[in-house]
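Colleague: Below is the file start-v8.txt, which contains compact mmCIF, C-alpha atoms.
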# COMPACT_ATOMS: atom_id res chain seq x y z
CA PHE A 12 -3.99 -11.39 -32.07
CA PRO A 13 -6.17 -12.27 -29.05
CA GLU A 14 -3.23 -13.68 -27.10
CA THR A 15 -1.32 -10.42 -27.62
CA ARG A 16 -4.06 -8.45 -25.89
CA VAL A 17 -3.98 -10.85 -22.96
CA ARG A 18 -0.18 -10.49 -22.72
CA ARG A 19 -0.54 -6.69 -22.84
CA ALA A 20 -3.11 -6.74 -20.07
CA GLU A 21 -0.95 -9.06 -17.97
CA SER A 22 2.04 -6.80 -18.57
CA CYS A 23 -0.01 -3.77 -17.43
CA VAL A 24 -0.91 -5.53 -14.19
CA ALA A 25 2.66 -6.76 -13.67
CA SER A 26 4.07 -3.25 -14.11
CA MET A 27 1.81 -1.74 -11.43
CA PRO A 28 3.47 -1.09 -8.07
CA ILE A 29 1.92 -3.25 -5.36
CA CYS A 30 1.29 -2.00 -1.86
CA SER A 31 -0.46 -3.78 0.97
CA GLY A 32 -3.78 -2.03 0.42
CA MET A 33 -3.97 -2.90 -3.27
CA ARG A 34 -3.94 -6.69 -3.03
CA GLY A 35 -7.72 -6.89 -3.64
CA ALA A 36 -7.50 -4.61 -6.66
CA ILE A 37 -4.66 -6.67 -8.13
CA ASP A 38 -6.64 -9.87 -7.61
CA ALA A 39 -9.66 -8.28 -9.27
CA LEU A 40 -7.54 -7.24 -12.25
CA ALA A 41 -6.15 -10.74 -12.53
CA GLY A 42 -9.73 -12.05 -12.57
CA ALA A 43 -10.63 -9.58 -15.30
CA ILE A 44 -7.67 -10.76 -17.34
CA ARG A 45 -8.80 -14.38 -16.94
CA VAL A 46 -12.32 -13.44 -18.09
CA LEU A 47 -10.88 -11.60 -21.06
CA SER A 48 -8.69 -14.56 -21.90
CA ARG A 49 -11.70 -16.93 -21.78
CA ARG A 50 -13.66 -14.58 -24.03
CA LEU A 51 -10.82 -14.48 -26.50
CA ARG A 52 -10.37 -18.23 -26.54
CA GLY A 53 -14.14 -18.82 -26.72
CA GLY A 54 -14.48 -16.85 -29.93
CA ARG A 55 -16.70 -14.14 -28.42
CA ARG A 56 -15.87 -10.55 -29.20
CA PRO A 57 -13.55 -9.16 -26.47
CA LEU A 58 -14.02 -5.91 -24.62
CA THR A 59 -12.74 -2.94 -26.62
CA THR A 60 -9.65 -1.34 -25.15
CA ASP A 61 -8.45 1.02 -27.90
CA THR A 62 -4.84 -0.12 -27.55
CA THR A 63 -2.57 1.49 -30.09
CA THR A 64 0.59 -0.51 -29.62
CA THR A 65 1.76 -2.72 -32.42
CA GLU A 66 2.31 -6.40 -32.03
CA GLY A 67 5.22 -7.24 -29.69
CA GLU A 68 5.56 -3.79 -28.11
CA GLU A 69 5.15 -3.18 -24.40
CA PRO A 70 2.12 -1.02 -23.54
CA THR A 71 2.79 2.53 -22.40
CA GLN A 72 1.91 3.82 -18.95
CA ARG A 73 -1.03 5.72 -20.44
CA GLU A 74 -2.41 2.58 -22.11
CA CYS A 75 -2.05 0.65 -18.86
CA GLU A 76 -3.90 3.37 -16.97
CA ARG A 77 -6.65 3.42 -19.60
CA TRP A 78 -6.98 -0.36 -19.37
CA VAL A 79 -7.14 -0.32 -15.56
CA ARG A 80 -9.75 2.48 -15.70
CA HIS A 81 -11.81 0.46 -18.17
CA VAL A 82 -11.68 -2.66 -16.00
CA ARG A 83 -12.63 -0.62 -12.92
CA ASP A 84 -15.59 0.99 -14.71
CA VAL A 85 -16.88 -2.40 -15.84
CA GLN A 86 -16.50 -3.88 -12.36
CA VAL A 87 -18.18 -0.91 -10.66
CA SER A 88 -21.10 -1.04 -13.08
CA ARG A 89 -21.70 -4.71 -12.20
CA MET A 90 -21.25 -4.29 -8.46
CA THR A 91 -24.16 -4.69 -6.07
CA PRO A 92 -24.68 -2.24 -3.17
CA GLU A 93 -23.75 -5.04 -0.71
CA GLN A 94 -20.45 -5.62 -2.50
CA ARG A 95 -19.73 -1.89 -2.52
CA GLU A 96 -20.45 -1.71 1.22
CA ALA A 97 -18.17 -4.70 1.90
CA ILE A 98 -15.34 -3.04 -0.05
CA LEU A 99 -15.77 0.21 1.87
CA GLU A 100 -15.75 -1.70 5.16
CA ARG A 101 -12.53 -3.55 4.23
CA ALA A 102 -10.94 -0.25 3.20
CA GLU A 103 -11.86 1.31 6.55
CA ILE A 104 -10.45 -1.67 8.45
CA SER A 105 -7.24 -1.42 6.43
CA ARG A 106 -7.01 2.34 7.08
CA ARG A 107 -7.40 1.81 10.82
CA ALA A 108 -4.78 -0.95 10.80
CA VAL A 109 -2.29 1.35 9.05
CA THR A 110 -3.03 4.14 11.54
CA HIS A 111 -2.49 1.81 14.50
CA CYS A 112 0.70 0.45 12.94
CA ARG A 113 2.10 3.99 12.56
CA ALA A 114 1.19 4.86 16.15
CA LEU A 115 2.85 1.69 17.44
CA SER A 116 5.98 2.41 15.41
CA ALA A 117 6.17 5.92 16.88
CA MET A 118 5.80 4.52 20.41
CA GLN A 119 8.51 1.95 19.71
CA ARG A 120 10.93 4.64 18.46
CA HIS A 121 10.18 6.78 21.52
CA THR A 122 10.73 3.83 23.86
CA GLU A 123 14.03 2.92 22.20
CA SER A 124 15.35 6.48 22.42
CA SER A 125 14.19 6.74 26.04
CA LEU A 126 15.99 3.54 26.95
CA ALA A 127 19.17 4.69 25.22
CA PHE A 128 19.04 8.05 27.00
CA ASN A 129 18.38 6.42 30.38
CA ARG A 130 21.26 4.01 29.84
CA ALA A 131 23.61 6.88 28.96
CA ALA A 132 22.44 8.99 31.91
CA LEU A 133 22.89 6.15 34.39
CA THR A 134 26.36 5.44 32.99
CA VAL A 135 27.36 9.09 33.47
CA MET A 136 25.92 9.13 37.00
CA SER A 137 27.70 5.91 37.97
CA SER A 138 31.03 7.22 36.72
CA SER A 139 30.73 10.61 38.44
CA SER A 140 33.35 10.96 41.15
CA THR A 141 32.01 13.91 43.16
CA PRO A 142 28.54 14.68 44.48
CA ALA A 143 28.48 17.84 42.32
CA ASP A 144 29.08 15.77 39.14
CA TYR A 145 26.34 13.36 40.18
CA SER A 146 23.93 16.22 40.93
CA MET A 147 24.66 17.89 37.57
CA ALA A 148 24.09 14.62 35.64
CA SER A 149 20.92 13.96 37.61
CA SER A 150 19.49 17.42 36.89
CA ARG A 151 20.31 17.07 33.16
CA TRP A 152 18.55 13.70 33.14
CA GLU A 153 15.45 15.09 34.89
CA GLY A 154 15.32 18.07 32.49
CA ALA A 155 15.55 15.79 29.47
CA GLN A 156 12.80 13.60 30.89
CA ARG A 157 10.49 16.59 31.31
CA SER A 158 11.14 17.83 27.76
CA SER A 159 10.57 14.38 26.24
CA ARG A 160 7.16 14.08 27.92
CA ALA A 161 6.01 17.42 26.48
As a first step, turn the structure in this file into structure tokens.
Modeller:
Amino acid sequence: FPETRVRRAESCVASMPICSGMRGAIDALAGAIRVLSRRLRGGRRPLTTDTTTTEGEEPTQRECERWVRHVRDVQVSRMTPEQREAILERAEISRRAVTHCRALSAMQRHTESSLAFNRAALTVMSSSSTPADYSMASSRWEGAQRSSRA
């Protein structure tokens, strides 16, 4: 019986989608599972989780969410103000890093499209046979440059 609860908890954690900002939460859940496992092996009464699945069944999404909420509530109740502040600081650093990453990606896309447009414009200008063709290509290129800066 105790090992089944540990397997259910591990399966809940394994079924959660992982994103870069959740690594700490996943590690904390893994720690909670280890603590629960030690409690179960040590003979002490485990935390109550109100799981309703029968032996051998996979837990439902609702049961997983309830378990994660329970673990979070226990961890928050035992957290010191310094730990809470450190978590908030790490979250803010992560948020800023994501914001900078998105801005850099946008600049990279803009640079790539600019280079492609410049390459195409210079190719058209170099292949123009008359001064009128060259002037028309040049004016199109200047107009596109002005609109891309806006």
Colleague: Please identify all polymer residues within 12 Å of segment 119-133 of chain A, counting all atoms listed in the file, omitting same-chain residues fewer than 5 positions from it, and present them as a PyMOL selection string.
Modeller: chain A and resi 112-114+138-139+144-160
Colleague: Give the answer as one residue: which of A:Ala143, A:Ala108, A:Met136, A:Ala43 has the shortest atom-to-atom distance to Val85 of chain A, using all atoms listed in the file?
Modeller: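 Checking each candidate against Val85 of chain A, we get A:Ala43 as the closest.
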Colleague: Have a look at atom CA of Arg106 of chain A and atom CA of Met118 of chain A and let me know their distance in Å, one decimal.
Modeller: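 Rounded to one decimal, the two atoms are 18.6 Å apart.
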Colleague: Taking into account all atoms listed in the file, which residue in the set A:Arg80, A:Gln86, A:His111, A:Thr91 is nearest to Val46 of chain A?
Modeller: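 Once distances to Val46 of chain A are computed over all atoms listed in the file, the minimum belongs to A:Gln86.
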